[in-house]
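**Q** Take a look at model_39.csv, CSV, C-alpha atoms:
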```csv
chain,number,residue,atom,x,y,z
A,1393,SER,CA,-7.8,-1.8,-22.1
A,1394,ILE,CA,-8.9,-1.4,-18.4
A,1395,CYS,CA,-11.9,0.5,-17.2
A,1396,GLY,CA,-12.5,1.4,-13.6
A,1397,VAL,CA,-16.0,2.1,-12.1
A,1398,LYS,CA,-17.1,5.6,-11.3
A,1399,GLY,CA,-15.9,6.5,-7.8
A,1400,CYS,CA,-12.5,4.8,-7.9
A,1401,SER,CA,-10.1,7.7,-7.3
A,1402,ILE,CA,-7.1,5.6,-6.4
A,1403,CYS,CA,-6.2,3.0,-8.9
A,1404,PRO,CA,-3.5,0.3,-8.4
A,1405,PRO,CA,-0.5,-0.1,-10.7
A,1406,LEU,CA,-1.2,-2.4,-13.6
A,1407,GLN,CA,1.4,-4.6,-15.4
A,1408,VAL,CA,0.3,-7.3,-17.7
A,1409,CYS,CA,3.0,-9.8,-18.6
A,1410,PRO,CA,2.0,-12.5,-21.1
A,1411,ALA,CA,3.9,-15.8,-21.1
A,1412,ARG,CA,6.1,-16.2,-24.2
A,1413,ALA,CA,7.6,-19.6,-24.8
A,1414,GLY,CA,11.4,-19.4,-25.2
A,1415,LYS,CA,11.6,-15.8,-23.9
A,1416,LYS,CA,13.9,-15.2,-20.9
A,1417,LYS,CA,12.2,-12.0,-19.9
A,1418,ASP,CA,8.6,-11.0,-20.6
A,1419,ARG,CA,7.9,-7.4,-21.5
A,1420,PRO,CA,4.8,-5.7,-19.9
A,1421,LEU,CA,2.0,-4.8,-22.2
A,1422,ARG,CA,0.9,-1.2,-22.4
A,1423,VAL,CA,-2.4,-0.7,-20.5
A,1424,ARG,CA,-4.9,2.1,-21.1
A,1425,TYR,CA,-6.9,3.0,-18.0
A,1426,SER,CA,-10.1,4.9,-18.0
A,1427,SER,CA,-12.6,5.9,-15.3
A,1428,GLU,CA,-15.3,7.0,-17.8
A,1429,PRO,CA,-18.4,4.9,-17.5
A,1430,SER,CA,-19.0,5.4,-21.2
A,1431,GLN,CA,-15.9,3.3,-21.9
A,1432,ALA,CA,-17.2,0.3,-19.8
A,1433,PRO,CA,-19.0,-1.6,-22.7
A,1434,THR,CA,-15.8,-1.8,-24.8
A,1435,ALA,CA,-13.3,-2.4,-22.0
A,1436,ASP,CA,-11.5,-5.7,-21.7
A,1437,VAL,CA,-11.6,-5.5,-17.9
A,1438,ILE,CA,-13.8,-3.8,-15.3
A,1439,LEU,CA,-11.7,-3.1,-12.2
A,1440,VAL,CA,-13.5,-2.5,-8.9
A,1441,PRO,CA,-11.9,-1.6,-5.5
A,1442,ALA,CA,-13.1,-4.1,-2.9
A,1443,THR,CA,-12.8,-1.7,0.1
A,1444,GLY,CA,-14.5,1.5,1.1
A,1445,ASP,CA,-18.2,1.7,0.6
A,1446,PHE,CA,-18.3,-1.2,-1.7
A,1447,SER,CA,-22.1,-0.9,-2.3
A,1448,ARG,CA,-21.7,2.5,-4.0
A,1449,PHE,CA,-19.7,1.1,-6.9
A,1450,LYS,CA,-22.4,0.4,-9.5
A,1451,LEU,CA,-21.3,-2.4,-11.9
A,1452,PRO,CA,-23.0,-2.5,-15.3
A,1453,SER,CA,-26.1,-4.6,-15.5
A,1454,PHE,CA,-24.7,-6.6,-18.4
A,1455,LYS,CA,-21.3,-8.2,-18.8
A,1456,PRO,CA,-20.2,-8.7,-22.4
A,1457,PRO,CA,-18.8,-12.1,-23.2
A,1458,HIS,CA,-15.3,-10.7,-24.0
A,1459,GLN,CA,-15.1,-8.8,-20.6
A,1460,SER,CA,-13.7,-9.8,-17.3
A,1461,TRP,CA,-14.6,-8.2,-13.9
A,1462,VAL,CA,-11.7,-8.0,-11.4
A,1463,THR,CA,-11.7,-6.7,-7.8
A,1464,ILE,CA,-8.8,-5.9,-5.6
A,1465,ALA,CA,-8.8,-6.2,-1.8
A,1466,GLY,CA,-5.8,-4.5,-0.2
A,1467,GLU,CA,-7.3,-3.9,3.2
A,1468,SER,CA,-8.0,-6.2,6.1
A,1469,SER,CA,-11.3,-8.1,6.4
A,1470,TYR,CA,-11.3,-7.0,10.0
A,1471,TRP,CA,-12.4,-3.6,8.7
A,1472,TRP,CA,-14.2,-4.8,5.6
A,1473,PRO,CA,-15.8,-8.2,6.3
A,1474,HIS,CA,-17.2,-8.7,2.8
A,1475,VAL,CA,-13.6,-9.2,1.6
A,1476,GLU,CA,-13.9,-12.8,2.9
A,1477,THR,CA,-16.8,-13.6,0.5
A,1478,LEU,CA,-15.6,-12.0,-2.7
A,1479,THR,CA,-14.5,-15.3,-4.3
A,1480,ASP,CA,-18.1,-16.5,-3.9
A,1481,ASP,CA,-19.4,-13.5,-5.8
A,1482,PRO,CA,-20.3,-14.8,-9.3
A,1483,ARG,CA,-19.9,-11.3,-10.8
A,1484,PHE,CA,-16.1,-11.4,-10.4
A,1485,ASP,CA,-13.8,-13.5,-12.6
A,1486,LEU,CA,-10.7,-12.6,-10.5
A,1487,VAL,CA,-10.2,-11.5,-6.9
A,1488,ILE,CA,-6.8,-10.1,-6.2
A,1489,GLY,CA,-5.9,-9.5,-2.6
A,1490,TYR,CA,-3.5,-9.7,0.4
A,1491,SER,CA,-5.2,-12.9,1.6
A,1492,ARG,CA,-4.3,-16.2,0.1
A,1493,GLN,CA,-7.4,-17.6,1.6
A,1494,PHE,CA,-9.9,-15.1,0.4
A,1495,SER,CA,-8.5,-14.3,-3.1
A,1496,HIS,CA,-7.7,-16.1,-6.4
A,1497,LEU,CA,-4.4,-14.2,-6.8
A,1498,HIS,CA,-2.2,-13.2,-3.9
A,1499,ALA,CA,-0.9,-9.6,-4.2
A,1500,SER,CA,2.0,-8.8,-1.9
A,1501,TYR,CA,3.0,-5.3,-0.7
A,1502,LEU,CA,6.6,-6.2,-1.5
A,1503,PRO,CA,8.1,-3.2,-3.4
A,1504,PRO,CA,8.5,-3.8,-7.2
A,1505,ASP,CA,12.2,-3.0,-6.9
A,1506,PHE,CA,13.4,-5.8,-4.7
A,1507,ASN,CA,17.0,-4.4,-4.7
A,1508,ALA,CA,15.7,-1.4,-2.8
A,1509,LEU,CA,15.4,-3.6,0.2
A,1510,LYS,CA,18.9,-4.9,-0.1
A,1511,GLU,CA,20.7,-1.6,-0.7
A,1512,ARG,CA,20.3,1.2,1.8
A,1513,ARG,CA,19.2,4.4,0.0
A,1514,GLU,CA,21.0,7.6,0.9
A,1515,TRP,CA,19.2,11.0,1.0
A,1516,ARG,CA,21.0,14.3,0.9
A,1517,GLU,CA,21.5,16.1,4.2
A,1518,GLU,CA,19.8,19.2,2.9
A,1519,ASP,CA,16.6,17.2,2.1
A,1520,LEU,CA,16.5,16.3,5.8
A,1521,GLU,CA,17.2,19.7,7.2
A,1522,GLY,CA,14.9,20.6,10.1
A,1523,VAL,CA,14.2,16.9,11.0
A,1524,SER,CA,14.7,16.7,14.7
A,1525,VAL,CA,15.6,13.2,15.9
A,1526,THR,CA,15.2,12.8,19.7
A,1527,ALA,CA,14.8,9.0,20.0
A,1528,ASP,CA,16.2,5.8,18.5
A,1529,VAL,CA,12.7,4.7,17.4
A,1530,ALA,CA,10.4,6.3,14.8
A,1531,PHE,CA,6.7,5.7,14.3
A,1532,PHE,CA,4.2,6.6,11.6
A,1533,ALA,CA,0.5,6.0,11.6
A,1534,SER,CA,-2.5,8.1,10.3
A,1535,ASN,CA,-5.3,5.7,11.2
A,1536,CYS,CA,-5.9,6.1,14.9
A,1537,LEU,CA,-9.1,4.0,15.0
A,1538,SER,CA,-7.3,0.7,15.6
A,1539,ASP,CA,-7.6,-0.1,19.3
A,1540,PHE,CA,-5.1,-2.9,18.9
A,1541,ARG,CA,-2.4,-0.7,17.5
A,1542,GLN,CA,-3.2,2.3,19.7
A,1543,ALA,CA,-2.9,0.2,22.9
A,1544,TRP,CA,0.3,-1.6,21.9
A,1545,VAL,CA,2.1,1.5,20.7
A,1546,GLY,CA,0.9,3.5,23.7
A,1547,GLY,CA,2.4,1.0,26.0
A,1548,PHE,CA,5.6,0.9,24.0
A,1549,MET,CA,5.9,4.7,24.2
A,1550,GLU,CA,5.5,4.5,28.0
A,1551,ALA,CA,8.4,2.1,28.2
A,1552,MET,CA,10.9,4.0,25.9
A,1553,PRO,CA,11.1,7.2,23.9
A,1554,VAL,CA,9.6,7.2,20.4
A,1555,ASP,CA,9.4,10.0,17.8
A,1556,SER,CA,5.9,9.8,16.3
A,1557,TRP,CA,5.5,11.7,13.0
A,1558,GLY,CA,2.0,10.6,12.1
A,1559,ALA,CA,-1.4,11.6,13.4
A,1560,CYS,CA,-1.4,9.0,16.1
A,1561,TYR,CA,0.5,9.9,19.3
A,1562,GLN,CA,2.1,12.7,17.3
A,1563,ASN,CA,5.0,14.4,19.1
A,1564,LYS,CA,7.0,15.5,15.9
A,1565,GLU,CA,6.1,18.0,13.2
A,1566,LEU,CA,7.3,17.7,9.6
A,1567,PRO,CA,9.2,20.7,8.3
A,1568,GLU,CA,7.1,22.7,5.8
A,1569,ARG,CA,9.4,21.8,3.0
A,1570,LEU,CA,8.7,18.1,3.5
A,1571,LYS,CA,5.0,18.7,3.9
A,1572,HIS,CA,5.1,20.4,0.5
A,1573,ARG,CA,7.2,17.5,-0.9
A,1574,GLN,CA,4.7,14.8,0.1
A,1575,ASP,CA,1.7,16.8,-1.1
A,1576,ARG,CA,3.5,17.4,-4.4
A,1577,GLY,CA,4.2,13.7,-4.7
A,1578,ASP,CA,0.6,12.9,-4.1
A,1579,ALA,CA,-0.4,15.2,-7.0
A,1580,GLU,CA,2.2,13.9,-9.4
A,1581,HIS,CA,1.3,10.2,-8.8
A,1582,ALA,CA,-2.5,10.7,-8.5
A,1583,HIS,CA,-3.2,9.1,-11.9
A,1584,GLU,CA,0.0,6.9,-12.2
A,1585,THR,CA,-0.6,3.5,-13.6
A,1586,GLN,CA,3.0,2.2,-13.6
A,1587,PRO,CA,4.1,-0.3,-10.9
A,1588,ALA,CA,5.6,2.2,-8.4
A,1589,ALA,CA,3.5,1.2,-5.4
A,1590,TRP,CA,0.3,-0.5,-4.4
A,1591,ARG,CA,-1.3,2.9,-3.9
A,1592,PRO,CA,0.6,5.3,-6.2
A,1593,ALA,CA,-1.5,8.3,-4.9
A,1594,MET,CA,0.2,7.8,-1.5
A,1595,GLU,CA,3.7,7.6,-2.9
A,1596,GLY,CA,4.5,11.2,-1.9
A,1597,LYS,CA,3.8,10.4,1.8
A,1598,SER,CA,5.7,7.1,1.5
A,1599,GLU,CA,8.8,8.8,0.1
A,1600,VAL,CA,8.9,11.4,3.0
A,1601,LYS,CA,8.3,8.6,5.5
A,1602,ARG,CA,11.3,6.6,4.2
A,1603,MET,CA,13.5,9.7,4.2
A,1604,ILE,CA,12.8,10.4,7.9
A,1605,LEU,CA,13.1,6.7,8.9
A,1606,SER,CA,16.6,6.7,7.4
A,1607,ARG,CA,17.7,8.8,10.4
A,1608,TYR,CA,16.7,6.2,12.9
A,1609,LYS,CA,18.0,2.9,14.2
A,1610,PHE,CA,14.5,1.4,14.5
A,1611,GLY,CA,11.1,1.9,13.0
A,1612,LEU,CA,7.8,0.7,14.5
A,1613,ALA,CA,5.9,-1.3,11.8
A,1614,VAL,CA,2.6,-2.1,13.5
A,1615,GLU,CA,-0.5,-3.1,11.4
A,1616,ASN,CA,-3.9,-1.9,12.2
A,1617,THR,CA,-5.0,-5.5,13.0
A,1618,ARG,CA,-3.4,-8.9,13.4
A,1619,GLU,CA,-4.6,-11.1,10.6
A,1620,THR,CA,-3.1,-13.9,8.6
A,1621,ASP,CA,-1.4,-12.7,5.4
A,1622,TYR,CA,-2.0,-9.0,6.2
A,1623,LEU,CA,1.5,-7.7,5.9
A,1624,THR,CA,1.5,-4.2,4.3
A,1625,GLU,CA,4.0,-1.7,3.2
A,1626,LYS,CA,4.9,-0.6,6.8
A,1627,ILE,CA,7.7,-3.1,7.3
A,1628,PHE,CA,9.1,-2.6,3.8
A,1629,ASP,CA,9.2,1.2,4.3
A,1630,VAL,CA,11.4,0.6,7.4
A,1631,LEU,CA,13.7,-1.9,5.6
A,1632,GLU,CA,14.0,0.3,2.5
A,1633,ALA,CA,15.0,3.2,4.7
A,1634,GLY,CA,17.8,1.1,6.2
A,1635,ALA,CA,16.3,1.0,9.7
A,1636,ILE,CA,15.6,-2.2,11.8
A,1637,PRO,CA,11.8,-2.9,11.9
A,1638,ILE,CA,10.0,-3.7,15.1
A,1639,TYR,CA,7.1,-5.5,13.6
A,1640,LEU,CA,3.7,-6.5,15.0
A,1641,GLY,CA,0.9,-7.7,12.7
A,1642,ALA,CA,0.4,-10.8,10.6
A,1643,PRO,CA,1.1,-13.9,12.7
A,1644,ASN,CA,2.6,-15.7,9.6
A,1645,TRP,CA,4.9,-12.7,8.7
A,1646,GLN,CA,7.9,-15.1,8.3
A,1647,GLN,CA,6.2,-16.8,5.4
A,1648,LEU,CA,5.6,-13.4,3.6
A,1649,LEU,CA,9.0,-11.7,4.0
A,1650,PRO,CA,11.6,-12.4,1.3
```
I need this file expressed as structure tokens, please.

**A**
Amino acid sequence: SICGVKGCSICPPLQVCPARAGKKKDRPLRVRYSSEPSQAPTADVILVPATGDFSRFKLPSFKPPHQSWVTIAGESSYWWPHVETLTDDPRFDLVIGYSRQFSHLHASYLPPDFNALKERREWREEDLEGVSVTADVAFFASNCLSDFRQAWVGGFMEAMPVDSWGACYQNKELPERLKHRQDRGDAEHAHETQPAAWRPAMEGKSEVKRMILSRYKFGLAVENTRETDYLTEKIFDVLEAGAIPIYLGAPNWQQLLP
């Protein structure tokens, strides 16, 4: 069983695959997730998100001998510097993260269904009704606090037309039907624990994003910082939609792409 600490509202997908000698394909174990603090003493694993206000996650004062404490770091250490020291924290038995330098186990943002990147997905025309395409390039970003990304994308948009559907440099508005679809997706996936995405609660937004990207030749995939190993879902969303990514982010991106 897996127990999360109080305050963890977005839980990553969990898939435990034990090694079995002589078996060609392992079957995932069923995992029971709970965010109830009362379940913590009997849980096999305590799972703690490594980003956000890390100090507010109160770990139990005692760790039973049978229990492991695991933390997951999916965000850049540029924004959360403590991510770089998690492997030195004696409380944690395992640190899972985007960085191969600052974690015990590297967790890629590569979609679980690798074939989705090789086969262009088609959406129905009626699903995209009301989506107005006025440029060859699309851009999505909701975090406008990144000076690096804002400056680069702003300069790019001065040089050529870009349809921006997110909060940053927004010049396009989602049809009400798609707004409803992404909100409904968030609600449906809010407590999902199957390996559908790194952040299942955001899957509704990701699905709508890929739908719109499928109408474009190019998609801007710009991370909020340039950091080694920090290659997120942005480039994979563009690829899965069948568009050509214009990428700026991890300097070692060629090592991370399949």

**Q** So the first atom is atom CA of A:Pro1650 and the second is atom CA of A:Ala1635; what is the distance between them in Å, to one decimal place?

**A**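 Those two atoms sit 16.5 Å apart.
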
**Q** How many Å separate atom CA of A:Ser1538 from atom CA of A:Thr1620?

**A** 16.7 Å

**Q** Give me, as a ChimeraX atom specification, all polymer residues having an atom no more than 12 Å from A:Gln1646, counting all atoms listed in the file and skipping those fewer than 4 positions away in the same chain.

**A** /A:1620-1623,1639-1642,1650

**Q** Looking at all atoms listed in the file, which of A:Leu1649, A:Ile1438, A:Asn1616, A:Val1487 is the one that sits closest to A:Phe1454?

**A**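 Smallest separation from A:Phe1454 among the options: A:Ile1438.
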
**Q** Please determine the residues with any atom at most 10 Å from (-18.9, -3.1, -20.2) (coordinates as given in the file, with all atoms listed in the file counting) and report them as a tab-separated table (two decimals) with C-alpha atoms, keeping the file's coordinate frame.

**A**
```
chain	number	residue	atom	x	y	z
A	1395	CYS	CA	-11.90	0.50	-17.20
A	1429	PRO	CA	-18.40	4.90	-17.50
A	1430	SER	CA	-19.00	5.40	-21.20
A	1431	GLN	CA	-15.90	3.30	-21.90
A	1432	ALA	CA	-17.20	0.30	-19.80
A	1433	PRO	CA	-19.00	-1.60	-22.70
A	1434	THR	CA	-15.80	-1.80	-24.80
A	1435	ALA	CA	-13.30	-2.40	-22.00
A	1436	ASP	CA	-11.50	-5.70	-21.70
A	1437	VAL	CA	-11.60	-5.50	-17.90
A	1438	ILE	CA	-13.80	-3.80	-15.30
A	1451	LEU	CA	-21.30	-2.40	-11.90
A	1452	PRO	CA	-23.00	-2.50	-15.30
A	1453	SER	CA	-26.10	-4.60	-15.50
A	1454	PHE	CA	-24.70	-6.60	-18.40
A	1455	LYS	CA	-21.30	-8.20	-18.80
A	1456	PRO	CA	-20.20	-8.70	-22.40
A	1457	PRO	CA	-18.80	-12.10	-23.20
A	1458	HIS	CA	-15.30	-10.70	-24.00
A	1459	GLN	CA	-15.10	-8.80	-20.60
A	1460	SER	CA	-13.70	-9.80	-17.30
A	1461	TRP	CA	-14.60	-8.20	-13.90
```

**Q** Taking 6 positions as the minimum chain separation for residues in the same chain, which residues sit within 10 Å of A:Ala1559 when counting all atoms listed in the file? Answer as a ChimeraX atom specification.

**A** /A:1532-1536,1565

**Q** Separation of atom CA of A:Leu1478 and atom CA of A:Tyr1490, in Å?

**A** 12.7 Å
